[in-house]
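Here is work-v7.pdb, consisting of PDB, C-alpha atoms and all ligand atoms:
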```pdb
ATOM      1  CA  MET A  16     -11.340 -31.431  12.432
ATOM      2  CA  THR A  17      -9.763 -29.088  14.967
ATOM      3  CA  ALA A  18      -7.102 -26.860  13.487
ATOM      4  CA  THR A  19      -3.493 -26.881  14.654
ATOM      5  CA  ILE A  20      -2.824 -23.411  16.004
ATOM      6  CA  LEU A  21       0.103 -21.666  14.339
ATOM      7  CA  ASP A  22       1.586 -20.175  17.484
ATOM      8  CA  GLY A  23       3.257 -16.921  16.461
ATOM      9  CA  LYS A  24       4.272 -16.107  20.012
ATOM     10  CA  LEU A  25       6.246 -19.322  20.286
ATOM     11  CA  VAL A  26       7.928 -19.121  16.877
ATOM     12  CA  ALA A  27       8.682 -15.418  17.367
ATOM     13  CA  ALA A  28      10.315 -16.172  20.731
ATOM     14  CA  GLU A  29      12.551 -18.714  19.011
ATOM     15  CA  ALA A  30      13.469 -16.261  16.250
ATOM     16  CA  LYS A  31      14.240 -13.581  18.840
ATOM     17  CA  LYS A  32      16.528 -15.982  20.693
ATOM     18  CA  HIS A  33      18.518 -16.525  17.482
ATOM     19  CA  VAL A  34      18.690 -12.769  16.923
ATOM     20  CA  LYS A  35      20.008 -12.233  20.446
ATOM     21  CA  VAL A  36      22.805 -14.747  19.909
ATOM     22  CA  GLU A  37      23.650 -13.122  16.566
ATOM     23  CA  VAL A  38      23.679  -9.641  18.140
ATOM     24  CA  GLU A  39      26.079 -10.827  20.863
ATOM     25  CA  ARG A  40      28.348 -12.276  18.195
ATOM     26  CA  MET A  41      28.245  -9.038  16.200
ATOM     27  CA  LYS A  42      28.939  -6.908  19.257
ATOM     28  CA  ALA A  43      31.964  -9.072  20.066
ATOM     29  CA  SER A  44      33.360  -8.199  16.645
ATOM     30  CA  GLY A  45      32.627  -4.478  17.025
ATOM     31  CA  THR A  46      29.228  -4.034  15.339
ATOM     32  CA  ASN A  47      26.365  -2.678  17.456
ATOM     33  CA  PRO A  48      23.083  -3.050  15.535
ATOM     34  CA  HIS A  49      20.879   0.001  15.953
ATOM     35  CA  LEU A  50      17.317   0.827  14.878
ATOM     36  CA  SER A  51      15.883   4.343  14.562
ATOM     37  CA  THR A  52      12.137   4.752  14.308
ATOM     38  CA  VAL A  53      10.129   7.814  13.363
ATOM     39  CA  LEU A  54       6.633   8.559  14.608
ATOM     40  CA  VAL A  55       4.704  11.555  13.329
ATOM     41  CA  GLY A  56       1.688  12.547  15.419
ATOM     42  CA  ASP A  57       0.015  10.878  18.356
ATOM     43  CA  GLU A  58      -1.967   7.988  16.873
ATOM     44  CA  PRO A  59      -2.290   5.623  19.900
ATOM     45  CA  ALA A  60      -2.153   2.392  17.826
ATOM     46  CA  SER A  61       1.075   3.503  16.110
ATOM     47  CA  ALA A  62       2.625   4.517  19.438
ATOM     48  CA  SER A  63       1.704   1.151  20.921
ATOM     49  CA  TYR A  64       3.173  -0.812  17.946
ATOM     50  CA  LEU A  65       6.380   1.186  18.283
ATOM     51  CA  LYS A  66       6.558   0.553  22.011
ATOM     52  CA  SER A  67       6.550  -3.207  21.437
ATOM     53  CA  LYS A  68       9.198  -2.876  18.696
ATOM     54  CA  HIS A  69      11.539  -0.947  21.001
ATOM     55  CA  LYS A  70      10.928  -3.385  23.869
ATOM     56  CA  ALA A  71      11.841  -6.271  21.545
ATOM     57  CA  CYS A  72      15.013  -4.437  20.447
ATOM     58  CA  GLN A  73      16.022  -3.923  24.042
ATOM     59  CA  GLU A  74      15.485  -7.605  24.882
ATOM     60  CA  ALA A  75      17.588  -8.650  21.886
ATOM     61  CA  GLY A  76      20.421  -6.243  22.741
ATOM     62  CA  ILE A  77      19.722  -4.048  19.695
ATOM     63  CA  GLY A  78      20.141  -0.321  20.318
ATOM     64  CA  SER A  79      17.103   1.737  19.399
ATOM     65  CA  GLU A  80      15.634   5.208  19.597
ATOM     66  CA  ASN A  81      12.412   6.855  18.498
ATOM     67  CA  HIS A  82      12.110  10.278  16.887
ATOM     68  CA  HIS A  83       8.680  11.590  17.820
ATOM     69  CA  LEU A  84       7.627  14.485  15.604
ATOM     70  CA  PRO A  85       4.512  16.645  16.031
ATOM     71  CA  VAL A  86       1.508  15.996  13.784
ATOM     72  CA  GLU A  87       2.066  19.315  11.942
ATOM     73  CA  THR A  88       5.565  18.253  10.754
ATOM     74  CA  THR A  89       6.090  19.211   7.104
ATOM     75  CA  GLN A  90       7.245  16.887   4.331
ATOM     76  CA  LYS A  91      10.548  18.766   4.207
ATOM     77  CA  GLU A  92      11.161  18.464   7.953
ATOM     78  CA  LEU A  93      10.447  14.737   7.855
ATOM     79  CA  GLU A  94      12.677  14.196   4.814
ATOM     80  CA  ASN A  95      15.462  16.172   6.523
ATOM     81  CA  LEU A  96      15.320  13.804   9.493
ATOM     82  CA  ILE A  97      15.510  10.816   7.114
ATOM     83  CA  PHE A  98      18.568  12.345   5.416
ATOM     84  CA  LYS A  99      20.261  12.732   8.827
ATOM     85  CA  LEU A 100      19.512   9.122   9.767
ATOM     86  CA  ASN A 101      20.690   7.924   6.345
ATOM     87  CA  VAL A 102      24.176   9.312   6.952
ATOM     88  CA  ASP A 103      24.403   8.564  10.685
ATOM     89  CA  PRO A 104      26.916   5.689  10.935
ATOM     90  CA  LYS A 105      25.384   4.560  14.245
ATOM     91  CA  VAL A 106      22.000   3.902  12.578
ATOM     92  CA  ASN A 107      21.611   0.574  10.743
ATOM     93  CA  GLY A 108      17.840   0.492  10.342
ATOM     94  CA  ILE A 109      15.246   3.212   9.730
ATOM     95  CA  LEU A 110      11.559   2.566  10.226
ATOM     96  CA  VAL A 111       8.928   5.244   9.631
ATOM     97  CA  GLN A 112       5.765   4.152  11.424
ATOM     98  CA  LEU A 113       2.836   4.146   9.007
ATOM     99  CA  PRO A 114       0.296   5.487   8.371
ATOM    100  CA  LEU A 115       1.593   9.047   8.275
ATOM    101  CA  PRO A 116      -0.776  12.004   8.738
ATOM    102  CA  GLY A 117      -2.680  12.720   5.504
ATOM    103  CA  HIS A 118      -0.693  15.818   4.460
ATOM    104  CA  LEU A 119       2.524  13.772   4.164
ATOM    105  CA  ASP A 120       3.475  11.761   1.069
ATOM    106  CA  GLU A 121       4.321   8.274   2.350
ATOM    107  CA  ASN A 122       5.783   6.957  -0.896
ATOM    108  CA  THR A 123       8.242   9.837  -1.184
ATOM    109  CA  VAL A 124       9.262   9.493   2.467
ATOM    110  CA  ILE A 125       9.971   5.777   1.978
ATOM    111  CA  GLU A 126      11.967   6.514  -1.179
ATOM    112  CA  ARG A 127      14.177   8.900   0.819
ATOM    113  CA  ILE A 128      15.421   6.057   3.055
ATOM    114  CA  VAL A 129      18.639   4.512   1.742
ATOM    115  CA  PRO A 130      17.635   0.977   0.649
ATOM    116  CA  TYR A 131      20.228  -0.741   2.859
ATOM    117  CA  LYS A 132      18.702   0.833   5.996
ATOM    118  CA  ASP A 133      15.095   0.163   4.913
ATOM    119  CA  VAL A 134      14.238  -2.486   7.540
ATOM    120  CA  ASP A 135      10.538  -2.334   6.600
ATOM    121  CA  GLY A 136      11.513  -3.516   3.092
ATOM    122  CA  LEU A 137       9.200  -0.975   1.480
ATOM    123  CA  HIS A 138      11.685   0.965  -0.649
ATOM    124  CA  PRO A 139      10.968   0.373  -4.374
ATOM    125  CA  MET A 140      14.498  -0.995  -4.773
ATOM    126  CA  ASN A 141      13.909  -3.664  -2.115
ATOM    127  CA  ALA A 142      10.428  -4.382  -3.518
ATOM    128  CA  GLY A 143      11.957  -4.683  -6.991
ATOM    129  CA  LYS A 144      14.630  -7.082  -5.759
ATOM    130  CA  LEU A 145      11.965  -9.252  -4.171
ATOM    131  CA  ALA A 146       9.936  -9.171  -7.383
ATOM    132  CA  SER A 147      13.070 -10.434  -9.165
ATOM    133  CA  GLY A 148      13.283 -13.346  -6.745
ATOM    134  CA  ILE A 149      16.042 -11.889  -4.528
ATOM    135  CA  GLU A 150      15.118 -11.887  -0.852
ATOM    136  CA  GLY A 151      17.060  -9.163   0.962
ATOM    137  CA  LEU A 152      15.247  -6.714   3.229
ATOM    138  CA  VAL A 153      11.726  -8.108   2.914
ATOM    139  CA  PRO A 154       8.663  -6.533   4.621
ATOM    140  CA  CYS A 155       8.316  -7.938   8.130
ATOM    141  CA  THR A 156       4.714  -9.187   8.114
ATOM    142  CA  PRO A 157       4.981 -11.325   4.927
ATOM    143  CA  LYS A 158       8.385 -12.575   6.025
ATOM    144  CA  GLY A 159       6.899 -13.562   9.384
ATOM    145  CA  ILE A 160       3.953 -15.340   7.743
ATOM    146  CA  VAL A 161       6.280 -17.483   5.630
ATOM    147  CA  LYS A 162       8.482 -18.252   8.622
ATOM    148  CA  LEU A 163       5.450 -19.312  10.656
ATOM    149  CA  LEU A 164       4.126 -21.578   7.877
ATOM    150  CA  GLU A 165       7.572 -23.086   7.341
ATOM    151  CA  HIS A 166       8.017 -23.711  11.065
ATOM    152  CA  TYR A 167       4.855 -25.842  11.073
ATOM    153  CA  LYS A 168       5.903 -27.472   7.782
ATOM    154  CA  VAL A 169       2.803 -26.259   5.976
ATOM    155  CA  PRO A 170       3.554 -27.165   2.352
ATOM    156  CA  LEU A 171       3.748 -24.275  -0.126
ATOM    157  CA  ARG A 172       5.153 -25.919  -3.265
ATOM    158  CA  GLY A 173       2.411 -26.531  -5.810
ATOM    159  CA  GLN A 174      -0.268 -25.368  -3.370
ATOM    160  CA  ARG A 175      -2.964 -22.852  -4.198
ATOM    161  CA  ALA A 176      -2.405 -19.769  -2.062
ATOM    162  CA  MET A 177      -4.920 -16.957  -1.951
ATOM    163  CA  ILE A 178      -4.092 -13.588  -0.425
ATOM    164  CA  VAL A 179      -6.914 -11.170   0.302
ATOM    165  CA  ASN A 180      -4.907  -7.925   0.189
ATOM    166  CA  ARG A 181      -2.828  -6.161  -2.462
ATOM    167  CA  SER A 182      -0.934  -3.595  -0.402
ATOM    168  CA  THR A 183       2.829  -3.063  -0.683
ATOM    169  CA  LEU A 184       3.084  -3.885   3.025
ATOM    170  CA  VAL A 185       1.387  -7.275   2.984
ATOM    171  CA  GLY A 186      -0.182  -8.723  -0.185
ATOM    172  CA  ARG A 187       2.342  -7.895  -2.900
ATOM    173  CA  PRO A 188       5.506  -8.971  -1.053
ATOM    174  CA  LEU A 189       3.759 -12.062   0.310
ATOM    175  CA  ALA A 190       2.717 -13.059  -3.215
ATOM    176  CA  MET A 191       6.392 -12.847  -4.258
ATOM    177  CA  LEU A 192       7.551 -14.927  -1.275
ATOM    178  CA  PHE A 193       4.906 -17.556  -2.043
ATOM    179  CA  LEU A 194       5.866 -17.578  -5.744
ATOM    180  CA  ASN A 195       9.526 -18.006  -4.787
ATOM    181  CA  ARG A 196       8.407 -21.109  -2.887
ATOM    182  CA  ASP A 197       6.496 -22.492  -5.881
ATOM    183  CA  ALA A 198       2.962 -21.811  -4.683
ATOM    184  CA  THR A 199       0.248 -20.934  -7.208
ATOM    185  CA  VAL A 200      -0.841 -17.498  -6.086
ATOM    186  CA  THR A 201      -4.158 -15.664  -6.429
ATOM    187  CA  MET A 202      -4.563 -12.140  -5.089
ATOM    188  CA  ALA A 203      -7.927 -10.738  -4.103
ATOM    189  CA  HIS A 204      -9.028  -7.254  -3.062
ATOM    190  CA  SER A 205     -12.094  -5.065  -2.658
ATOM    191  CA  LYS A 206     -13.047  -5.366  -6.358
ATOM    192  CA  THR A 207     -12.740  -9.169  -6.547
ATOM    193  CA  LEU A 208     -15.981 -10.790  -7.646
ATOM    194  CA  ASN A 209     -17.268 -13.954  -5.984
ATOM    195  CA  LEU A 210     -14.524 -13.916  -3.376
ATOM    196  CA  PRO A 211     -15.957 -16.834  -1.324
ATOM    197  CA  GLU A 212     -16.020 -18.995  -4.432
ATOM    198  CA  VAL A 213     -12.339 -18.332  -5.107
ATOM    199  CA  SER A 214     -11.303 -18.642  -1.453
ATOM    200  CA  ARG A 215     -12.916 -22.085  -1.164
ATOM    201  CA  SER A 216     -10.342 -23.457  -3.600
ATOM    202  CA  ALA A 217      -7.346 -22.169  -1.609
ATOM    203  CA  ASP A 218      -5.035 -24.548   0.243
ATOM    204  CA  ILE A 219      -3.542 -21.529   1.991
ATOM    205  CA  LEU A 220      -5.792 -18.548   2.670
ATOM    206  CA  VAL A 221      -4.286 -15.316   3.983
ATOM    207  CA  SER A 222      -6.739 -12.611   4.947
ATOM    208  CA  ALA A 223      -5.455  -9.089   5.560
ATOM    209  CA  VAL A 224      -8.493  -6.840   5.183
ATOM    210  CA  GLY A 225      -9.057  -5.345   8.641
ATOM    211  CA  ARG A 226     -12.576  -3.987   8.079
ATOM    212  CA  SER A 227     -15.276  -4.589  10.685
ATOM    213  CA  ASN A 228     -17.787  -5.486   7.924
ATOM    214  CA  PHE A 229     -15.549  -8.241   6.523
ATOM    215  CA  GLN A 230     -15.248 -11.707   8.004
ATOM    216  CA  VAL A 231     -13.842 -15.015   6.794
ATOM    217  CA  GLU A 232     -16.374 -17.672   7.758
ATOM    218  CA  ALA A 233     -16.129 -21.462   7.706
ATOM    219  CA  LYS A 234     -18.063 -21.619   4.425
ATOM    220  CA  HIS A 235     -15.324 -19.519   2.755
ATOM    221  CA  VAL A 236     -12.595 -22.019   3.673
ATOM    222  CA  LYS A 237     -11.585 -25.243   1.939
ATOM    223  CA  PRO A 238     -11.634 -28.113   4.451
ATOM    224  CA  GLY A 239      -8.058 -28.862   5.456
ATOM    225  CA  ALA A 240      -6.721 -25.442   4.413
ATOM    226  CA  ALA A 241      -4.156 -23.336   6.280
ATOM    227  CA  VAL A 242      -5.702 -19.991   7.265
ATOM    228  CA  VAL A 243      -3.570 -16.986   8.217
ATOM    229  CA  ASP A 244      -5.358 -14.085   9.861
ATOM    230  CA  VAL A 245      -3.555 -10.759   9.414
ATOM    231  CA  GLY A 246      -6.336  -8.144   9.378
ATOM    232  CA  LEU A 247      -7.136  -6.215  12.540
ATOM    233  CA  SER A 248     -10.268  -4.223  13.218
ATOM    234  CA  ARG A 249     -12.220  -2.966  16.207
ATOM    235  CA  VAL A 250     -15.736  -4.191  16.841
ATOM    236  CA  ASP A 251     -17.480  -2.665  19.884
ATOM    237  CA  GLY A 252     -14.087  -1.398  21.021
ATOM    238  CA  LYS A 253     -12.569  -4.903  20.905
ATOM    239  CA  LEU A 254      -9.684  -5.793  18.596
ATOM    240  CA  ARG A 255     -10.454  -8.729  16.312
ATOM    241  CA  GLY A 256      -8.963 -10.488  13.313
ATOM    242  CA  ASP A 257     -10.632 -11.074   9.931
ATOM    243  CA  VAL A 258     -11.381 -14.728  10.675
ATOM    244  CA  ASP A 259     -14.235 -16.263  12.664
ATOM    245  CA  PHE A 260     -11.782 -18.262  14.758
ATOM    246  CA  GLY A 261     -14.267 -20.617  16.465
ATOM    247  CA  GLU A 262     -16.017 -21.746  13.268
ATOM    248  CA  VAL A 263     -12.987 -21.758  10.961
ATOM    249  CA  SER A 264     -10.944 -23.823  13.437
ATOM    250  CA  LYS A 265     -13.461 -26.638  12.810
ATOM    251  CA  VAL A 266     -12.692 -26.835   9.070
ATOM    252  CA  ALA A 267      -9.113 -25.577   8.676
ATOM    253  CA  LYS A 268      -6.065 -27.770   9.293
ATOM    254  CA  TYR A 269      -3.918 -24.848  10.447
ATOM    255  CA  LEU A 270      -5.016 -21.476  11.810
ATOM    256  CA  THR A 271      -3.312 -18.412  13.302
ATOM    257  CA  PRO A 272      -4.868 -16.827  16.396
ATOM    258  CA  VAL A 273      -5.404 -13.084  16.969
ATOM    259  CA  PRO A 274      -3.619 -12.022  19.092
ATOM    260  CA  GLY A 275      -0.565 -14.290  19.189
ATOM    261  CA  GLY A 276      -0.281 -15.149  15.490
ATOM    262  CA  VAL A 277       1.107 -12.829  12.838
ATOM    263  CA  GLY A 278       1.643  -9.828  15.178
ATOM    264  CA  PRO A 279       4.571 -11.245  17.218
ATOM    265  CA  MET A 280       6.142 -12.625  14.020
ATOM    266  CA  THR A 281       6.141  -9.123  12.502
ATOM    267  CA  VAL A 282       8.114  -7.732  15.450
ATOM    268  CA  ALA A 283      10.591 -10.636  15.420
ATOM    269  CA  MET A 284      11.221 -10.145  11.689
ATOM    270  CA  LEU A 285      11.960  -6.462  12.280
ATOM    271  CA  LEU A 286      14.771  -7.563  14.590
ATOM    272  CA  GLU A 287      16.047 -10.008  11.944
ATOM    273  CA  ASN A 288      15.971  -7.253   9.321
ATOM    274  CA  THR A 289      17.840  -4.842  11.601
ATOM    275  CA  VAL A 290      20.573  -7.441  12.134
ATOM    276  CA  MET A 291      20.663  -8.107   8.374
ATOM    277  CA  ALA A 292      20.969  -4.361   7.672
ATOM    278  CA  ALA A 293      23.784  -4.051  10.218
ATOM    279  CA  MET A 294      25.589  -6.987   8.585
ATOM    280  CA  ILE A 295      25.207  -5.465   5.108
ATOM    281  CA  GLN A 296      26.611  -2.165   6.391
ATOM    282  CA  SER A 297      29.520  -3.768   8.195
ATOM    283  CA  GLY A 298      30.372  -5.646   5.022
ATOM    284  CA  LYS A 299      29.976  -8.990   6.771
ATOM    285  CA  ASN A 300      27.158 -10.295   4.585
TER
HETATM  286  P1  LIG B 401      -4.716  -1.771   3.430
HETATM  287  O1  LIG B 401      -3.675  -1.127   2.615
HETATM  288  O2  LIG B 401      -5.921  -0.985   3.855
HETATM  289  O3  LIG B 401      -5.163  -3.088   2.659
HETATM  290  C1  LIG B 401      -6.397  -3.703   2.859
HETATM  291  C2  LIG B 401      -6.650  -4.627   1.690
HETATM  292  O4  LIG B 401      -7.907  -5.253   1.895
HETATM  293  C3  LIG B 401      -6.706  -3.913   0.343
HETATM  294  O5  LIG B 401      -6.028  -4.654  -0.635
HETATM  295  C4  LIG B 401      -8.213  -3.852   0.063
HETATM  296  O6  LIG B 401      -8.535  -3.862  -1.313
HETATM  297  C5  LIG B 401      -8.675  -5.128   0.694
HETATM  298  N1  LIG B 401     -10.113  -5.084   1.020
HETATM  299  C6  LIG B 401     -10.805  -4.116   1.643
HETATM  300  N2  LIG B 401     -12.105  -4.453   1.758
HETATM  301  C7  LIG B 401     -12.235  -5.667   1.164
HETATM  302  C8  LIG B 401     -13.310  -6.542   0.947
HETATM  303  N3  LIG B 401     -14.549  -6.244   1.350
HETATM  304  N4  LIG B 401     -13.093  -7.713   0.311
HETATM  305  C9  LIG B 401     -11.830  -8.034  -0.105
HETATM  306  N5  LIG B 401     -10.768  -7.247   0.077
HETATM  307  C10 LIG B 401     -10.956  -6.078   0.697
HETATM  308  O7  LIG B 401      -4.084  -2.311   4.783
HETATM  309  P2  LIG B 401      -2.674  -3.036   5.058
HETATM  310  O8  LIG B 401      -1.706  -2.034   5.544
HETATM  311  O9  LIG B 401      -2.304  -3.910   3.933
HETATM  312  O10 LIG B 401      -3.088  -3.931   6.305
HETATM  313  C11 LIG B 401      -4.152  -4.846   6.190
HETATM  314  C12 LIG B 401      -4.634  -5.280   7.559
HETATM  315  O11 LIG B 401      -3.619  -6.058   8.163
HETATM  316  C13 LIG B 401      -4.922  -4.134   8.535
HETATM  317  O12 LIG B 401      -6.016  -4.495   9.335
HETATM  318  C14 LIG B 401      -3.670  -4.057   9.379
HETATM  319  O13 LIG B 401      -3.933  -3.545  10.667
HETATM  320  C15 LIG B 401      -3.296  -5.520   9.443
HETATM  321  N6  LIG B 401      -1.860  -5.740   9.670
HETATM  322  C16 LIG B 401      -1.522  -6.507  10.722
HETATM  323  C17 LIG B 401      -0.187  -6.747  10.960
HETATM  324  C18 LIG B 401       0.204  -7.591  12.105
HETATM  325  O14 LIG B 401       1.395  -7.650  12.409
HETATM  326  N7  LIG B 401      -0.707  -8.302  12.735
HETATM  327  C19 LIG B 401       0.792  -6.208  10.137
HETATM  328  C20 LIG B 401       0.410  -5.462   9.022
HETATM  329  C21 LIG B 401      -0.936  -5.234   8.801
HETATM  330  P3  LIG B 401      -8.196  -2.620  -2.298
HETATM  331  O15 LIG B 401      -6.742  -2.744  -2.592
HETATM  332  O16 LIG B 401      -9.067  -2.852  -3.458
HETATM  333  O17 LIG B 401      -8.534  -1.372  -1.520
END
```

Take the structure in the file and give it back as structure tokens.
Ligand code: NAP
Amino acid sequence: MTATILDGKLVAAEAKKHVKVEVERMKASGTNPHLSTVLVGDEPASASYLKSKHKACQEAGIGSENHHLPVETTQKELENLIFKLNVDPKVNGILVQLPLPGHLDENTVIERIVPYKDVDGLHPMNAGKLASGIEGLVPCTPKGIVKLLEHYKVPLRGQRAMIVNRSTLVGRPLAMLFLNRDATVTMAHSKTLNLPEVSRSADILVSAVGRSNFQVEAKHVKPGAAVVDVGLSRVDGKLRGDVDFGEVSKVAKYLTPVPGGVGPMTVAMLLENTVMAAMIQSGKN
């Protein structure tokens, strides 16, 4: 078996096209969607992720700006910026690039964002809505994973889905999205025992670990499964996913590449969320 590649670049390009049309329509009726991002410090990976998010905004006609704060920024200074963005009528979406430097309290910062501008979908109110089965502003990576699977008509209903990750950014919201689509969900993490045994029973396996000592091999995958590779790590300076692509592509039915899989979907979903936030705020949703 050679796996069908779930082409995130292609599906993201399609999603971005739809966003662009929507943005033009909104602008014609007087709404100009706008995203504000916040970067604290000079972490190169964070700066590079933000660069691609702003480029995507520009291509879609969404206004955007980045607030770059020095690494020594205090909690109070950061929260004050969030308060300003919360009340700025021009700003529809606020994204604080994570991770923040260690002296800052990420959870509190996220809670300071007004939920209707929380385009990362991380505010407890948005997470709570999702847990209740209401899909509003949903975190971009899980949303993108579901969109990618749905595009390729990978069945979810009744299927066994296993997610190796329990973070609020990836695993928890994805579990809710899968549950909403009638999958039977198992979540695994660093304390899971006999992980390969459990993963071999999964029809859909999502791996979001991102540690260089962790790899999903062919023997961990049920033949015919859909495998989604989210984790990113550096090995000998090279960026790689969690999955041994060459070997797993021989047993899986569907597989995402790295790069070109989940990454582009994440950016496209940020654009969708910004448009959704702008619609909510203009009262047109
Ligand atoms: P995180 O908070 O560090 O989560 C990592 C998860 O992996 C945790 O749940 C952790 O378990 C689990 N884990 C660690 N070692 C493990 C092991 N040996 N066996 C099984 N599980 C293990 O990171 P995150 O923010 O969720 O992101 C996860 C990865 O996805 C990162 O590599 C990140 O760069 C990548 N990512 C990619 C995109 C994209 O667009 N491509 C977007 C978001 C994230 P515990 O909970 O027990 O610690």

Please write out the residues within 7 Å of ligand LIG 401 (chain B) as a PDB file with C-alpha atoms, in the frame of the given file, counting only C-alpha atoms and all ligand atoms.
```pdb
ATOM      1  CA  THR A 156       4.714  -9.187   8.114  1.00  0.00           C
ATOM      2  CA  VAL A 179      -6.914 -11.170   0.302  1.00  0.00           C
ATOM      3  CA  ASN A 180      -4.907  -7.925   0.189  1.00  0.00           C
ATOM      4  CA  ARG A 181      -2.828  -6.161  -2.462  1.00  0.00           C
ATOM      5  CA  SER A 182      -0.934  -3.595  -0.402  1.00  0.00           C
ATOM      6  CA  THR A 183       2.829  -3.063  -0.683  1.00  0.00           C
ATOM      7  CA  LEU A 184       3.084  -3.885   3.025  1.00  0.00           C
ATOM      8  CA  VAL A 185       1.387  -7.275   2.984  1.00  0.00           C
ATOM      9  CA  GLY A 186      -0.182  -8.723  -0.185  1.00  0.00           C
ATOM     10  CA  ALA A 203      -7.927 -10.738  -4.103  1.00  0.00           C
ATOM     11  CA  HIS A 204      -9.028  -7.254  -3.062  1.00  0.00           C
ATOM     12  CA  SER A 205     -12.094  -5.065  -2.658  1.00  0.00           C
ATOM     13  CA  LYS A 206     -13.047  -5.366  -6.358  1.00  0.00           C
ATOM     14  CA  THR A 207     -12.740  -9.169  -6.547  1.00  0.00           C
ATOM     15  CA  ALA A 223      -5.455  -9.089   5.560  1.00  0.00           C
ATOM     16  CA  VAL A 224      -8.493  -6.840   5.183  1.00  0.00           C
ATOM     17  CA  GLY A 225      -9.057  -5.345   8.641  1.00  0.00           C
ATOM     18  CA  ARG A 226     -12.576  -3.987   8.079  1.00  0.00           C
ATOM     19  CA  PHE A 229     -15.549  -8.241   6.523  1.00  0.00           C
ATOM     20  CA  VAL A 245      -3.555 -10.759   9.414  1.00  0.00           C
ATOM     21  CA  GLY A 246      -6.336  -8.144   9.378  1.00  0.00           C
ATOM     22  CA  LEU A 247      -7.136  -6.215  12.540  1.00  0.00           C
ATOM     23  CA  SER A 248     -10.268  -4.223  13.218  1.00  0.00           C
ATOM     24  CA  VAL A 277       1.107 -12.829  12.838  1.00  0.00           C
ATOM     25  CA  GLY A 278       1.643  -9.828  15.178  1.00  0.00           C
ATOM     26  CA  PRO A 279       4.571 -11.245  17.218  1.00  0.00           C
ATOM     27  CA  THR A 281       6.141  -9.123  12.502  1.00  0.00           C
TER      28      THR A 281
END
```

Quiz item: What is the atom CA of A:Lys265-atom CA of A:Leu189 distance in Å, reported with one decimal?
Solution: 25.8 Å

Quiz item: What does the distance from atom CA of A:Ala190 to atom CA of A:Thr289 come to in Å, to one decimal?
Solution: 22.7 Å

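Reported to one decimal place, the separation of atom CA of A:Ile20 from atom CA of A:Tyr269 is 5.8 Å.
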
Self-check item: Distance query A:Val153 at most 8 Å, only C-alpha atoms, self and fewer than 3 positions along chain excluded, as a list of chain:residue names
Solution: A:Val134, A:Asp135, A:Gly136, A:Leu137, A:Asn141, A:Ala142, A:Leu145, A:Glu150, A:Pro157, A:Lys158, A:Pro188, A:Asn288

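Applied to the file shown here, the PyMOL selection byres (((chain A and resi 27) around 9) and not hetatm) selects the residues A:Asp22, A:Gly23, A:Lys24, A:Leu25, A:Val26, A:Ala28, A:Glu29, A:Ala30, A:Lys31, A:Lys32, A:Gly159, A:Leu163, A:Pro279, A:Met280, A:Thr281, A:Val282, A:Ala283, A:Met284.
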
To box stretch 51-60 of chain A, take all atoms listed in the file, fit an axis-aligned box, add 8 Å on each side, and give centre and edge lengths in Å to one decimal, as JSON.
```
{"center_x": 6.8, "center_y": 7.5, "center_z": 16.6, "size_x": 34.2, "size_y": 26.2, "size_z": 22.6}
```

Exercise. For A:Ala176, work out the shell of residues within 8 Å, counting only C-alpha atoms and skipping chain neighbours fewer than 5 positions away, then give it as a VMD selection string.
Key: chain A and resid 171 193 198 to 201 217 to 221

Please produce a file of those selected residues containing C-alpha atoms, as a PDB file, keeping the file's coordinate frame.
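Okay, again-v7.pdb is ready:
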```
ATOM      1  CA  LEU A 171       3.748 -24.275  -0.126  1.00  0.00           C
ATOM      2  CA  PHE A 193       4.906 -17.556  -2.043  1.00  0.00           C
ATOM      3  CA  ALA A 198       2.962 -21.811  -4.683  1.00  0.00           C
ATOM      4  CA  THR A 199       0.248 -20.934  -7.208  1.00  0.00           C
ATOM      5  CA  VAL A 200      -0.841 -17.498  -6.086  1.00  0.00           C
ATOM      6  CA  THR A 201      -4.158 -15.664  -6.429  1.00  0.00           C
ATOM      7  CA  ALA A 217      -7.346 -22.169  -1.609  1.00  0.00           C
ATOM      8  CA  ASP A 218      -5.035 -24.548   0.243  1.00  0.00           C
ATOM      9  CA  ILE A 219      -3.542 -21.529   1.991  1.00  0.00           C
ATOM     10  CA  LEU A 220      -5.792 -18.548   2.670  1.00  0.00           C
ATOM     11  CA  VAL A 221      -4.286 -15.316   3.983  1.00  0.00           C
TER      12      VAL A 221
END
```

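When all atoms listed in the file are used to compute distances to A:Gly298, the closest of the residues A:Ala18, A:Tyr131, A:Asn195, A:Val36 turns out to be A:Tyr131.
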
Practice problem: Mind checking which residues fall within 7 Å of stretch 46-59 of chain A, counting all atoms listed in the file, ignoring those fewer than 3 positions away in the same chain, and posting them as an MDAnalysis selection string? | Solution: chainID A and resid 41:42 62:63 77:86 105:112 115 289:290 293

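Considering the residues A:Pro238, A:Glu74, A:Ala60, A:Gly148 and counting only C-alpha atoms, A:Lys35 has its shortest atom-to-atom contact with A:Glu74.
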
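Applying the 12 Å criterion to (-7.3, -24.1, 16.6) in file coordinates and using all atoms listed in the file, one obtains the residues Met16, Thr17, Ala18, Thr19, Ile20, Leu21, Asp22, Ala241, Val242, Val243, Val258, Asp259, Phe260, Gly261, Glu262, Val263, Ser264, Lys265, Val266, Ala267, Lys268, Tyr269, Leu270, Thr271, Pro272, Val273 and Gly276 of chain A.
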
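Nearest to A:Met202 of all the residues A:Ile97, A:Ala146, A:Val38, A:Met177 is A:Met177, based on all atoms listed in the file.
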
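When the PyMOL selection byres (((chain A and resi 214) around 8) and not hetatm) is run on the displayed coordinates, the residues it returns are Met177, Leu210, Pro211, Glu212, Val213, Arg215, Ser216, Ala217, Leu220, His235, Val236 and Lys237 of chain A.
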